[in-house]
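Heads up, target-v8.cif below (mmCIF, C-alpha atoms and all ligand atoms):
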```
data_work
loop_
_atom_site.group_PDB
_atom_site.id
_atom_site.type_symbol
_atom_site.label_atom_id
_atom_site.label_comp_id
_atom_site.auth_asym_id
_atom_site.auth_seq_id
_atom_site.Cartn_x
_atom_site.Cartn_y
_atom_site.Cartn_z
ATOM 1 C CA MET A 18 25.251 24.463 7.268
ATOM 2 C CA PRO A 19 29.065 23.922 7.418
ATOM 3 C CA ALA A 20 30.293 21.170 5.094
ATOM 4 C CA GLY A 21 31.606 19.041 7.989
ATOM 5 C CA ILE A 22 28.271 19.047 9.808
ATOM 6 C CA LEU A 23 26.403 18.431 6.555
ATOM 7 C CA LEU A 24 28.592 15.391 5.863
ATOM 8 C CA ALA A 25 27.953 14.070 9.369
ATOM 9 C CA VAL A 26 24.204 14.532 8.983
ATOM 10 C CA LYS A 27 24.232 12.723 5.651
ATOM 11 C CA ARG A 28 26.232 9.862 7.169
ATOM 12 C CA TRP A 29 23.803 9.654 10.096
ATOM 13 C CA ASN A 30 20.825 9.613 7.700
ATOM 14 C CA ARG A 31 22.385 6.769 5.710
ATOM 15 C CA LEU A 32 23.143 4.844 8.926
ATOM 16 C CA TRP A 33 19.620 5.401 10.243
ATOM 17 C CA LYS A 34 18.039 4.272 6.956
ATOM 18 C CA GLY A 35 20.200 1.134 7.066
ATOM 19 C CA VAL A 36 19.065 0.354 10.602
ATOM 20 C CA MET A 37 15.416 0.904 9.631
ATOM 21 C CA MET A 38 15.746 -1.412 6.628
ATOM 22 C CA LEU A 39 17.343 -4.146 8.721
ATOM 23 C CA THR A 40 14.647 -3.769 11.376
ATOM 24 C CA ALA A 41 11.891 -4.067 8.765
ATOM 25 C CA VAL A 42 13.432 -7.115 7.099
ATOM 26 C CA TRP A 43 14.122 -8.780 10.453
ATOM 27 C CA GLY A 44 10.613 -7.955 11.632
ATOM 28 C CA LEU A 45 9.057 -9.519 8.539
ATOM 29 C CA GLN A 46 11.173 -12.641 8.717
ATOM 30 C CA ALA A 47 10.561 -12.998 12.421
ATOM 31 C CA CYS A 48 6.825 -12.564 11.910
ATOM 32 C CA GLN A 49 6.290 -14.977 9.072
ATOM 33 C CA PRO A 50 5.319 -18.521 9.915
ATOM 34 C CA THR A 51 6.662 -21.412 7.902
ATOM 35 C CA ASN A 52 4.517 -22.975 5.189
ATOM 36 C CA GLU A 53 3.810 -25.861 7.542
ATOM 37 C CA THR A 54 2.337 -23.624 10.243
ATOM 38 C CA ALA A 55 0.432 -21.570 7.656
ATOM 39 C CA ALA A 56 -1.074 -24.721 6.174
ATOM 40 C CA SER A 57 -2.620 -25.624 9.524
ATOM 41 C CA THR A 58 -4.880 -22.563 9.479
ATOM 42 C CA PRO A 59 -8.477 -22.724 8.216
ATOM 43 C CA SER A 60 -8.939 -22.337 4.489
ATOM 44 C CA GLY A 61 -10.786 -19.315 3.136
ATOM 45 C CA GLN A 62 -14.047 -19.108 1.249
ATOM 46 C CA PRO A 63 -14.431 -19.273 -2.538
ATOM 47 C CA SER A 64 -14.010 -15.549 -3.100
ATOM 48 C CA ALA A 65 -11.367 -13.153 -4.389
ATOM 49 C CA VAL A 66 -11.054 -12.041 -0.769
ATOM 50 C CA PRO A 67 -11.296 -15.032 1.549
ATOM 51 C CA SER A 68 -11.922 -13.851 5.090
ATOM 52 C CA ALA A 69 -9.065 -14.149 7.555
ATOM 53 C CA GLU A 70 -9.692 -14.733 11.241
ATOM 54 C CA THR A 71 -7.574 -12.625 13.550
ATOM 55 C CA PRO A 72 -4.942 -14.911 15.088
ATOM 56 C CA SER A 73 -4.862 -14.718 18.864
ATOM 57 C CA PRO A 74 -1.718 -12.747 19.634
ATOM 58 C CA PRO A 75 1.050 -12.941 20.399
ATOM 59 C CA ASN A 76 2.082 -16.393 19.207
ATOM 60 C CA ALA A 77 -0.649 -17.819 16.985
ATOM 61 C CA PRO A 78 0.559 -18.573 13.458
ATOM 62 C CA ILE A 79 -0.343 -15.904 10.918
ATOM 63 C CA PRO A 80 -1.636 -17.439 7.671
ATOM 64 C CA VAL A 81 0.272 -16.650 4.484
ATOM 65 C CA TYR A 82 -1.908 -16.415 1.393
ATOM 66 C CA ARG A 83 -0.652 -16.725 -2.156
ATOM 67 C CA TYR A 84 -2.335 -15.408 -5.277
ATOM 68 C CA ARG A 85 -3.652 -16.372 -8.693
ATOM 69 C CA ILE A 86 -3.506 -13.971 -11.655
ATOM 70 C CA VAL A 87 -6.986 -13.456 -13.120
ATOM 71 C CA ASN A 88 -6.177 -10.744 -15.685
ATOM 72 C CA THR A 89 -3.159 -8.761 -16.830
ATOM 73 C CA PHE A 90 -3.503 -5.156 -18.019
ATOM 74 C CA PRO A 91 -0.992 -2.642 -19.424
ATOM 75 C CA HIS A 92 0.470 -0.065 -17.006
ATOM 76 C CA ASP A 93 2.563 3.036 -17.786
ATOM 77 C CA LYS A 94 6.197 1.988 -17.398
ATOM 78 C CA ASN A 95 7.079 5.583 -16.472
ATOM 79 C CA ALA A 96 4.600 5.750 -13.580
ATOM 80 C CA PHE A 97 6.438 5.673 -10.250
ATOM 81 C CA THR A 98 3.272 4.402 -8.558
ATOM 82 C CA GLN A 99 2.672 5.700 -5.046
ATOM 83 C CA GLY A 100 -1.107 5.458 -4.786
ATOM 84 C CA LEU A 101 -3.782 3.432 -6.581
ATOM 85 C CA GLU A 102 -7.553 3.309 -6.227
ATOM 86 C CA TYR A 103 -10.496 2.022 -8.296
ATOM 87 C CA HIS A 104 -13.643 4.124 -8.596
ATOM 88 C CA ASN A 105 -16.674 3.778 -10.885
ATOM 89 C CA GLY A 106 -14.899 1.805 -13.587
ATOM 90 C CA TYR A 107 -11.607 3.708 -13.620
ATOM 91 C CA LEU A 108 -8.259 3.551 -11.875
ATOM 92 C CA TYR A 109 -6.921 6.642 -10.136
ATOM 93 C CA GLU A 110 -3.188 6.769 -9.606
ATOM 94 C CA SER A 111 -0.638 8.983 -7.909
ATOM 95 C CA THR A 112 2.965 9.010 -9.076
ATOM 96 C CA GLY A 113 6.021 10.213 -7.188
ATOM 97 C CA LEU A 114 9.489 11.722 -7.707
ATOM 98 C CA LYS A 115 10.140 15.448 -7.817
ATOM 99 C CA GLY A 116 9.421 16.823 -11.269
ATOM 100 C CA GLU A 117 7.499 13.675 -12.268
ATOM 101 C CA SER A 118 4.685 13.590 -9.703
ATOM 102 C CA SER A 119 1.119 13.471 -10.949
ATOM 103 C CA LEU A 120 -2.487 12.530 -10.325
ATOM 104 C CA ARG A 121 -4.039 10.391 -13.068
ATOM 105 C CA LYS A 122 -7.311 8.886 -14.169
ATOM 106 C CA VAL A 123 -6.510 5.685 -16.051
ATOM 107 C CA GLU A 124 -8.495 3.356 -18.288
ATOM 108 C CA LEU A 125 -8.145 -0.140 -16.818
ATOM 109 C CA ARG A 126 -8.262 -2.177 -20.033
ATOM 110 C CA THR A 127 -5.697 -0.128 -21.972
ATOM 111 C CA GLY A 128 -3.680 1.613 -19.265
ATOM 112 C CA ARG A 129 -4.357 4.846 -21.163
ATOM 113 C CA VAL A 130 -4.131 8.041 -19.084
ATOM 114 C CA LEU A 131 -7.449 9.865 -19.567
ATOM 115 C CA ARG A 132 -6.771 12.834 -17.299
ATOM 116 C CA ILE A 133 -3.587 14.046 -15.642
ATOM 117 C CA HIS A 134 -2.679 16.773 -13.164
ATOM 118 C CA ARG A 135 1.043 17.382 -12.824
ATOM 119 C CA LEU A 136 2.348 18.537 -9.454
ATOM 120 C CA ALA A 137 4.767 21.459 -9.215
ATOM 121 C CA PRO A 138 8.371 20.171 -9.310
ATOM 122 C CA GLU A 139 9.003 20.673 -5.586
ATOM 123 C CA TYR A 140 6.298 18.136 -4.637
ATOM 124 C CA PHE A 141 6.752 14.363 -4.368
ATOM 125 C CA GLY A 142 3.365 12.664 -4.790
ATOM 126 C CA GLU A 143 2.353 9.789 -2.504
ATOM 127 C CA GLY A 144 -0.873 7.974 -1.552
ATOM 128 C CA ILE A 145 -4.326 8.896 -2.842
ATOM 129 C CA THR A 146 -7.877 8.062 -1.888
ATOM 130 C CA ILE A 147 -11.358 9.060 -3.026
ATOM 131 C CA LEU A 148 -14.039 9.957 -0.501
ATOM 132 C CA GLY A 149 -17.288 11.482 -1.709
ATOM 133 C CA ASP A 150 -16.477 13.646 -4.705
ATOM 134 C CA ARG A 151 -12.972 14.463 -3.526
ATOM 135 C CA ILE A 152 -9.538 13.001 -4.218
ATOM 136 C CA TYR A 153 -6.959 13.340 -1.434
ATOM 137 C CA GLN A 154 -3.288 13.140 -2.415
ATOM 138 C CA LEU A 155 -0.429 12.980 0.076
ATOM 139 C CA THR A 156 3.081 14.244 -0.505
ATOM 140 C CA TRP A 157 6.130 12.473 0.868
ATOM 141 C CA GLN A 158 8.120 15.105 2.783
ATOM 142 C CA ASN A 159 6.261 18.284 1.811
ATOM 143 C CA GLY A 160 3.742 17.911 4.655
ATOM 144 C CA ILE A 161 0.824 18.777 2.374
ATOM 145 C CA CYS A 162 -2.280 16.814 1.411
ATOM 146 C CA PHE A 163 -3.880 18.180 -1.761
ATOM 147 C CA VAL A 164 -7.646 17.870 -2.162
ATOM 148 C CA TYR A 165 -9.113 17.837 -5.673
ATOM 149 C CA ASP A 166 -12.514 17.680 -7.295
ATOM 150 C CA LEU A 167 -12.989 14.073 -8.430
ATOM 151 C CA ASN A 168 -14.281 14.971 -11.876
ATOM 152 C CA THR A 169 -12.131 17.948 -12.861
ATOM 153 C CA PHE A 170 -8.935 17.430 -10.778
ATOM 154 C CA ARG A 171 -9.278 21.096 -9.830
ATOM 155 C CA GLN A 172 -7.671 21.707 -6.428
ATOM 156 C CA ILE A 173 -10.298 22.513 -3.806
ATOM 157 C CA THR A 174 -8.121 22.927 -0.731
ATOM 158 C CA GLN A 175 -5.052 21.543 1.002
ATOM 159 C CA PHE A 176 -4.133 20.397 4.499
ATOM 160 C CA ARG A 177 -0.826 20.485 6.339
ATOM 161 C CA TYR A 178 0.463 17.616 8.482
ATOM 162 C CA TYR A 179 3.543 16.836 10.516
ATOM 163 C CA GLY A 180 5.903 14.091 9.367
ATOM 164 C CA GLU A 181 5.986 12.053 6.177
ATOM 165 C CA GLY A 182 3.106 10.950 3.965
ATOM 166 C CA TRP A 183 3.197 7.447 2.442
ATOM 167 C CA GLY A 184 -0.071 5.529 1.882
ATOM 168 C CA LEU A 185 -3.696 6.664 1.984
ATOM 169 C CA THR A 186 -7.094 4.945 1.916
ATOM 170 C CA ASN A 187 -10.458 5.366 3.665
ATOM 171 C CA ASP A 188 -13.179 3.315 5.320
ATOM 172 C CA GLY A 189 -16.025 5.514 4.102
ATOM 173 C CA LYS A 190 -15.809 7.669 7.209
ATOM 174 C CA HIS A 191 -12.169 8.461 7.938
ATOM 175 C CA LEU A 192 -9.012 8.904 5.917
ATOM 176 C CA ILE A 193 -6.467 6.216 6.823
ATOM 177 C CA MET A 194 -2.814 7.176 6.426
ATOM 178 C CA SER A 195 0.600 5.522 6.743
ATOM 179 C CA ASP A 196 3.908 7.361 7.196
ATOM 180 C CA GLY A 197 6.543 4.656 6.711
ATOM 181 C CA SER A 198 6.544 3.659 10.369
ATOM 182 C CA ASP A 199 4.409 0.989 12.099
ATOM 183 C CA THR A 200 1.685 3.577 12.795
ATOM 184 C CA ILE A 201 -1.551 4.083 10.873
ATOM 185 C CA THR A 202 -3.456 7.302 11.534
ATOM 186 C CA PHE A 203 -7.199 7.800 11.077
ATOM 187 C CA ARG A 204 -8.083 11.374 10.108
ATOM 188 C CA ASP A 205 -11.178 13.517 9.756
ATOM 189 C CA PRO A 206 -11.754 14.101 6.019
ATOM 190 C CA GLU A 207 -13.113 17.598 6.648
ATOM 191 C CA THR A 208 -10.211 18.903 8.742
ATOM 192 C CA PHE A 209 -7.461 16.268 8.383
ATOM 193 C CA ALA A 210 -7.306 16.218 12.208
ATOM 194 C CA GLU A 211 -6.118 12.992 13.836
ATOM 195 C CA VAL A 212 -8.984 10.853 15.131
ATOM 196 C CA ARG A 213 -7.060 7.817 16.356
ATOM 197 C CA LYS A 214 -3.937 5.759 15.691
ATOM 198 C CA ILE A 215 -3.124 2.067 15.601
ATOM 199 C CA ARG A 216 0.299 0.444 15.855
ATOM 200 C CA VAL A 217 0.641 -2.495 13.493
ATOM 201 C CA ARG A 218 1.898 -5.705 15.095
ATOM 202 C CA ALA A 219 2.521 -9.250 13.893
ATOM 203 C CA ASN A 220 2.978 -11.751 16.722
ATOM 204 C CA GLY A 221 3.668 -8.809 19.012
ATOM 205 C CA LYS A 222 6.432 -7.349 16.846
ATOM 206 C CA PRO A 223 6.109 -3.980 15.075
ATOM 207 C CA VAL A 224 5.606 -4.029 11.315
ATOM 208 C CA GLU A 225 7.270 -0.955 9.861
ATOM 209 C CA MET A 226 7.595 0.547 6.380
ATOM 210 C CA LEU A 227 3.822 0.450 5.856
ATOM 211 C CA ASN A 228 3.332 1.927 2.413
ATOM 212 C CA GLU A 229 0.411 2.001 -0.070
ATOM 213 C CA LEU A 230 -2.921 1.109 1.551
ATOM 214 C CA GLU A 231 -6.332 -0.198 0.541
ATOM 215 C CA TYR A 232 -9.433 -0.761 2.641
ATOM 216 C CA ILE A 233 -10.877 -4.146 1.605
ATOM 217 C CA GLU A 234 -13.896 -5.835 3.214
ATOM 218 C CA GLY A 235 -13.259 -4.398 6.664
ATOM 219 C CA GLU A 236 -9.473 -4.816 6.610
ATOM 220 C CA ILE A 237 -6.577 -2.476 5.854
ATOM 221 C CA TRP A 238 -4.207 -3.971 3.311
ATOM 222 C CA ALA A 239 -0.702 -2.508 3.258
ATOM 223 C CA ASN A 240 2.260 -2.868 0.955
ATOM 224 C CA ILE A 241 5.481 -3.187 2.944
ATOM 225 C CA TRP A 242 8.216 -1.091 1.353
ATOM 226 C CA TYR A 243 10.961 -3.100 -0.351
ATOM 227 C CA SER A 244 8.996 -6.301 0.123
ATOM 228 C CA ASP A 245 6.655 -8.499 -1.912
ATOM 229 C CA MET A 246 4.463 -8.982 1.162
ATOM 230 C CA ILE A 247 1.062 -7.386 1.737
ATOM 231 C CA ALA A 248 -0.222 -7.212 5.325
ATOM 232 C CA ARG A 249 -3.956 -7.682 6.046
ATOM 233 C CA ILE A 250 -4.488 -5.554 9.143
ATOM 234 C CA ASP A 251 -7.340 -5.429 11.656
ATOM 235 C CA PRO A 252 -8.350 -1.724 11.709
ATOM 236 C CA GLN A 253 -9.370 -1.889 15.370
ATOM 237 C CA THR A 254 -6.374 -3.619 16.934
ATOM 238 C CA GLY A 255 -3.585 -3.139 14.378
ATOM 239 C CA PHE A 256 -2.907 -6.894 14.428
ATOM 240 C CA VAL A 257 -1.790 -8.475 11.164
ATOM 241 C CA LYS A 258 -4.502 -11.074 10.437
ATOM 242 C CA ALA A 259 -2.736 -12.543 7.423
ATOM 243 C CA TRP A 260 0.093 -12.003 4.967
ATOM 244 C CA ILE A 261 -0.148 -12.197 1.187
ATOM 245 C CA ASP A 262 3.088 -13.342 -0.428
ATOM 246 C CA MET A 263 3.137 -11.652 -3.847
ATOM 247 C CA GLU A 264 6.542 -12.940 -4.919
ATOM 248 C CA GLY A 265 6.771 -14.136 -8.506
ATOM 249 C CA LEU A 266 4.544 -11.677 -10.366
ATOM 250 C CA PRO A 267 5.784 -11.671 -13.981
ATOM 251 C CA VAL A 268 7.100 -8.114 -14.304
ATOM 252 C CA PRO A 269 9.623 -7.584 -17.137
ATOM 253 C CA ASP A 270 12.746 -5.452 -16.615
ATOM 254 C CA ARG A 271 12.121 -4.899 -12.912
ATOM 255 C CA THR A 272 14.951 -3.221 -10.967
ATOM 256 C CA SER A 273 15.455 -3.237 -7.187
ATOM 257 C CA GLU A 274 13.739 0.181 -6.850
ATOM 258 C CA ASP A 275 10.700 -0.984 -8.824
ATOM 259 C CA VAL A 276 8.914 -2.433 -5.825
ATOM 260 C CA LEU A 277 5.395 -3.770 -5.499
ATOM 261 C CA ASN A 278 3.338 -0.715 -4.556
ATOM 262 C CA GLY A 279 -0.288 -0.146 -5.435
ATOM 263 C CA ILE A 280 -3.431 -1.975 -4.329
ATOM 264 C CA ALA A 281 -6.900 -1.078 -5.627
ATOM 265 C CA TYR A 282 -10.253 -2.734 -4.951
ATOM 266 C CA ASP A 283 -13.401 -2.809 -7.066
ATOM 267 C CA ARG A 284 -15.975 -3.141 -4.272
ATOM 268 C CA GLN A 285 -18.896 -3.802 -6.588
ATOM 269 C CA ASN A 286 -17.300 -6.730 -8.416
ATOM 270 C CA LYS A 287 -14.855 -7.726 -5.646
ATOM 271 C CA ARG A 288 -11.824 -7.415 -7.910
ATOM 272 C CA ILE A 289 -8.325 -6.823 -6.530
ATOM 273 C CA PHE A 290 -5.691 -4.995 -8.590
ATOM 274 C CA VAL A 291 -1.978 -4.693 -7.832
ATOM 275 C CA THR A 292 0.943 -3.037 -9.565
ATOM 276 C CA GLY A 293 4.331 -1.544 -8.753
ATOM 277 C CA LYS A 294 6.661 1.363 -9.374
ATOM 278 C CA ARG A 295 7.505 1.588 -13.079
ATOM 279 C CA TRP A 296 5.837 -1.744 -13.803
ATOM 280 C CA SER A 297 4.620 -2.234 -17.375
ATOM 281 C CA LYS A 298 1.801 -4.435 -16.087
ATOM 282 C CA LEU A 299 -1.075 -4.246 -13.645
ATOM 283 C CA PHE A 300 -2.598 -7.466 -12.370
ATOM 284 C CA GLU A 301 -6.047 -8.504 -11.244
ATOM 285 C CA ILE A 302 -5.531 -11.234 -8.676
ATOM 286 C CA GLU A 303 -7.468 -13.641 -6.475
ATOM 287 C CA LEU A 304 -6.149 -14.887 -3.170
ATOM 288 C CA VAL A 305 -5.210 -18.519 -2.693
ATOM 289 C CA PRO A 306 -5.745 -19.599 0.910
ATOM 290 C CA PRO A 307 -2.856 -21.296 2.709
ATOM 291 C CA GLU A 308 -4.240 -24.857 2.629
ATOM 292 C CA THR A 309 -4.834 -24.712 -1.117
ATOM 293 C CA SER A 310 -1.444 -23.155 -1.894
ATOM 294 C CA SER A 311 0.308 -25.660 0.361
ATOM 295 C CA ARG A 312 -1.482 -28.560 -1.316
ATOM 296 C CA LYS A 313 -0.386 -27.305 -4.732
ATOM 297 C CA GLU A 314 3.250 -27.359 -3.677
ATOM 298 C CA GLN A 315 3.139 -31.015 -2.700
ATOM 299 C CA PRO A 316 4.246 -33.543 -5.336
HETATM 300 CA CA CA A 401 -4.835 1.940 -2.681
#
```
The structure in this file should be written as structure tokens.
Amino acid sequence: MPAGILLAVKRWNRLWKGVMMLTAVWGLQACQPTNETAASTPSGQPSAVPSAETPSPPNAPIPVYRYRIVNTFPHDKNAFTQGLEYHNGYLYESTGLKGESSLRKVELRTGRVLRIHRLAPEYFGEGITILGDRIYQLTWQNGICFVYDLNTFRQITQFRYYGEGWGLTNDGKHLIMSDGSDTITFRDPETFAEVRKIRVRANGKPVEMLNELEYIEGEIWANIWYSDMIARIDPQTGFVKAWIDMEGLPVPDRTSEDVLNGIAYDRQNKRIFVTGKRWSKLFEIELVPPETSSRKEQP
């Protein structure tokens, strides 16, 4: 490609990324209710995952949950976390960046990496999920989903897809995938074929930059790229039922690129884990419903 055209393309890409970032930030700000409106919503139940009723769109206030740290665990500071899942007592993690991408089995208590598969340097690892005895791992712009044996990390097969790969989870039946837009795609785990799509909306406005995902008690939870907010999404309608404001997690030496990214759920013990890119810590958290968190803020 001639240098002049290449320069123009690069400039256009930078401009487009800037527009997308502004749209995402504006969308989030426009979608979030104030603390006062959030406090008027029903409180949750005494559980790590209080249930959230779906607000009647388009104008009903969307509750904003806060969090309480239950436990803090070590996390590899060099792990550029792109996918996180909990399975049978262990964490499974995908890391990104070309030349540094990997699939890992991690001991929760120590953060020790028990098994690692390094991707070839041309691949940029993204979301992972475990379904049956298989691990599925997306790549960002390579258009390939790797499928591994859960126990050995031996590659079983791979699928090709169009567009970018960001987050991945499953509901026990379908793979559920984000691509950085406001769209979530449900896929057949045997063929990777599209089954259906939802567009994620908060008060009628698109919620873009959907990143790492986790399926928790009948909801899809999504990190929003470059944000400390997690969206709790209705898998049928795509409506955001609630936000979780994760601002304030005590992460030492965090830079602007080291964003919150990584949600895992221990279904058996109803434990929620979160971490971020190159974070030295991984947190087990409980949600604090809006009424409780609002009450705490009052003098
Ligand atoms: Ca996850």
Distance criterion (only C-alpha atoms and all ligand atoms): nearest to ligand CA 401 (chain A) out of A:Glu117, A:Glu225, A:Glu231, A:Glu110: A:Glu231
Ground truth for the PyMOL selection byres (((chain A and resi 163) around 6) and not hetatm), written as number ranges by chain: A: 153-154, 162, 164, 175
Pick out the residues sitting within 9 Å of Trp157 in chain A, and hand them over as a compact mmCIF listing (two decimals) with C-alpha atoms, in the frame of the given file; count all atoms listed in the file, and ignore anything fewer than 6 positions along from it in its own chain.
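Output file out-v7.txt is given in full below:
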```
# COMPACT_ATOMS: atom_id res chain seq x y z
CA GLY A 113 6.02 10.21 -7.19
CA TYR A 140 6.30 18.14 -4.64
CA PHE A 141 6.75 14.36 -4.37
CA GLY A 142 3.36 12.66 -4.79
CA GLU A 143 2.35 9.79 -2.50
CA GLY A 144 -0.87 7.97 -1.55
CA GLY A 180 5.90 14.09 9.37
CA GLU A 181 5.99 12.05 6.18
CA GLY A 182 3.11 10.95 3.96
CA TRP A 183 3.20 7.45 2.44
CA ASP A 196 3.91 7.36 7.20
```
Evaluate the PyMOL selection byres (((chain A and resi 83) around 9) and not hetatm) on the structure here and hand back the selected residues as a PDB file with C-alpha atoms, keeping the file's coordinate frame.
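Final file, out22.pdb:
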```
ATOM      1  CA  VAL A  81       0.272 -16.650   4.484  1.00  0.00           C
ATOM      2  CA  TYR A  82      -1.908 -16.415   1.393  1.00  0.00           C
ATOM      3  CA  TYR A  84      -2.335 -15.408  -5.277  1.00  0.00           C
ATOM      4  CA  ARG A  85      -3.652 -16.372  -8.693  1.00  0.00           C
ATOM      5  CA  TRP A 260       0.093 -12.003   4.967  1.00  0.00           C
ATOM      6  CA  ILE A 261      -0.148 -12.197   1.187  1.00  0.00           C
ATOM      7  CA  ASP A 262       3.088 -13.342  -0.428  1.00  0.00           C
ATOM      8  CA  MET A 263       3.137 -11.652  -3.847  1.00  0.00           C
ATOM      9  CA  GLU A 264       6.542 -12.940  -4.919  1.00  0.00           C
ATOM     10  CA  GLU A 303      -7.468 -13.641  -6.475  1.00  0.00           C
ATOM     11  CA  LEU A 304      -6.149 -14.887  -3.170  1.00  0.00           C
ATOM     12  CA  VAL A 305      -5.210 -18.519  -2.693  1.00  0.00           C
ATOM     13  CA  PRO A 306      -5.745 -19.599   0.910  1.00  0.00           C
ATOM     14  CA  PRO A 307      -2.856 -21.296   2.709  1.00  0.00           C
ATOM     15  CA  SER A 310      -1.444 -23.155  -1.894  1.00  0.00           C
TER      16      SER A 310
END
```
Explicit residue set for the PyMOL selection byres (((not hetatm)) within 10 of (chain A and resi 401)), as a ChimeraX atom specification: /A:99-103,108-111,144-147,184-187,228-233,237-240,278-282,290-291
Once you have the residues from the selection above, write them out as a PDB file, in the frame of the given file, restricted to C-alpha atoms.
```
ATOM      1  CA  GLN A  99       2.672   5.700  -5.046  1.00  0.00           C
ATOM      2  CA  GLY A 100      -1.107   5.458  -4.786  1.00  0.00           C
ATOM      3  CA  LEU A 101      -3.782   3.432  -6.581  1.00  0.00           C
ATOM      4  CA  GLU A 102      -7.553   3.309  -6.227  1.00  0.00           C
ATOM      5  CA  TYR A 103     -10.496   2.022  -8.296  1.00  0.00           C
ATOM      6  CA  LEU A 108      -8.259   3.551 -11.875  1.00  0.00           C
ATOM      7  CA  TYR A 109      -6.921   6.642 -10.136  1.00  0.00           C
ATOM      8  CA  GLU A 110      -3.188   6.769  -9.606  1.00  0.00           C
ATOM      9  CA  SER A 111      -0.638   8.983  -7.909  1.00  0.00           C
ATOM     10  CA  GLY A 144      -0.873   7.974  -1.552  1.00  0.00           C
ATOM     11  CA  ILE A 145      -4.326   8.896  -2.842  1.00  0.00           C
ATOM     12  CA  THR A 146      -7.877   8.062  -1.888  1.00  0.00           C
ATOM     13  CA  ILE A 147     -11.358   9.060  -3.026  1.00  0.00           C
ATOM     14  CA  GLY A 184      -0.071   5.529   1.882  1.00  0.00           C
ATOM     15  CA  LEU A 185      -3.696   6.664   1.984  1.00  0.00           C
ATOM     16  CA  THR A 186      -7.094   4.945   1.916  1.00  0.00           C
ATOM     17  CA  ASN A 187     -10.458   5.366   3.665  1.00  0.00           C
ATOM     18  CA  ASN A 228       3.332   1.927   2.413  1.00  0.00           C
ATOM     19  CA  GLU A 229       0.411   2.001  -0.070  1.00  0.00           C
ATOM     20  CA  LEU A 230      -2.921   1.109   1.551  1.00  0.00           C
ATOM     21  CA  GLU A 231      -6.332  -0.198   0.541  1.00  0.00           C
ATOM     22  CA  TYR A 232      -9.433  -0.761   2.641  1.00  0.00           C
ATOM     23  CA  ILE A 233     -10.877  -4.146   1.605  1.00  0.00           C
ATOM     24  CA  ILE A 237      -6.577  -2.476   5.854  1.00  0.00           C
ATOM     25  CA  TRP A 238      -4.207  -3.971   3.311  1.00  0.00           C
ATOM     26  CA  ALA A 239      -0.702  -2.508   3.258  1.00  0.00           C
ATOM     27  CA  ASN A 240       2.260  -2.868   0.955  1.00  0.00           C
ATOM     28  CA  ASN A 278       3.338  -0.715  -4.556  1.00  0.00           C
ATOM     29  CA  GLY A 279      -0.288  -0.146  -5.435  1.00  0.00           C
ATOM     30  CA  ILE A 280      -3.431  -1.975  -4.329  1.00  0.00           C
ATOM     31  CA  ALA A 281      -6.900  -1.078  -5.627  1.00  0.00           C
ATOM     32  CA  TYR A 282     -10.253  -2.734  -4.951  1.00  0.00           C
ATOM     33  CA  PHE A 290      -5.691  -4.995  -8.590  1.00  0.00           C
ATOM     34  CA  VAL A 291      -1.978  -4.693  -7.832  1.00  0.00           C
TER      35      VAL A 291
END
```
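Nearest residue to Thr292 in chain A among A:Leu148, A:Tyr178, A:Leu266, A:Pro223 is A:Leu266, counting only C-alpha atoms.
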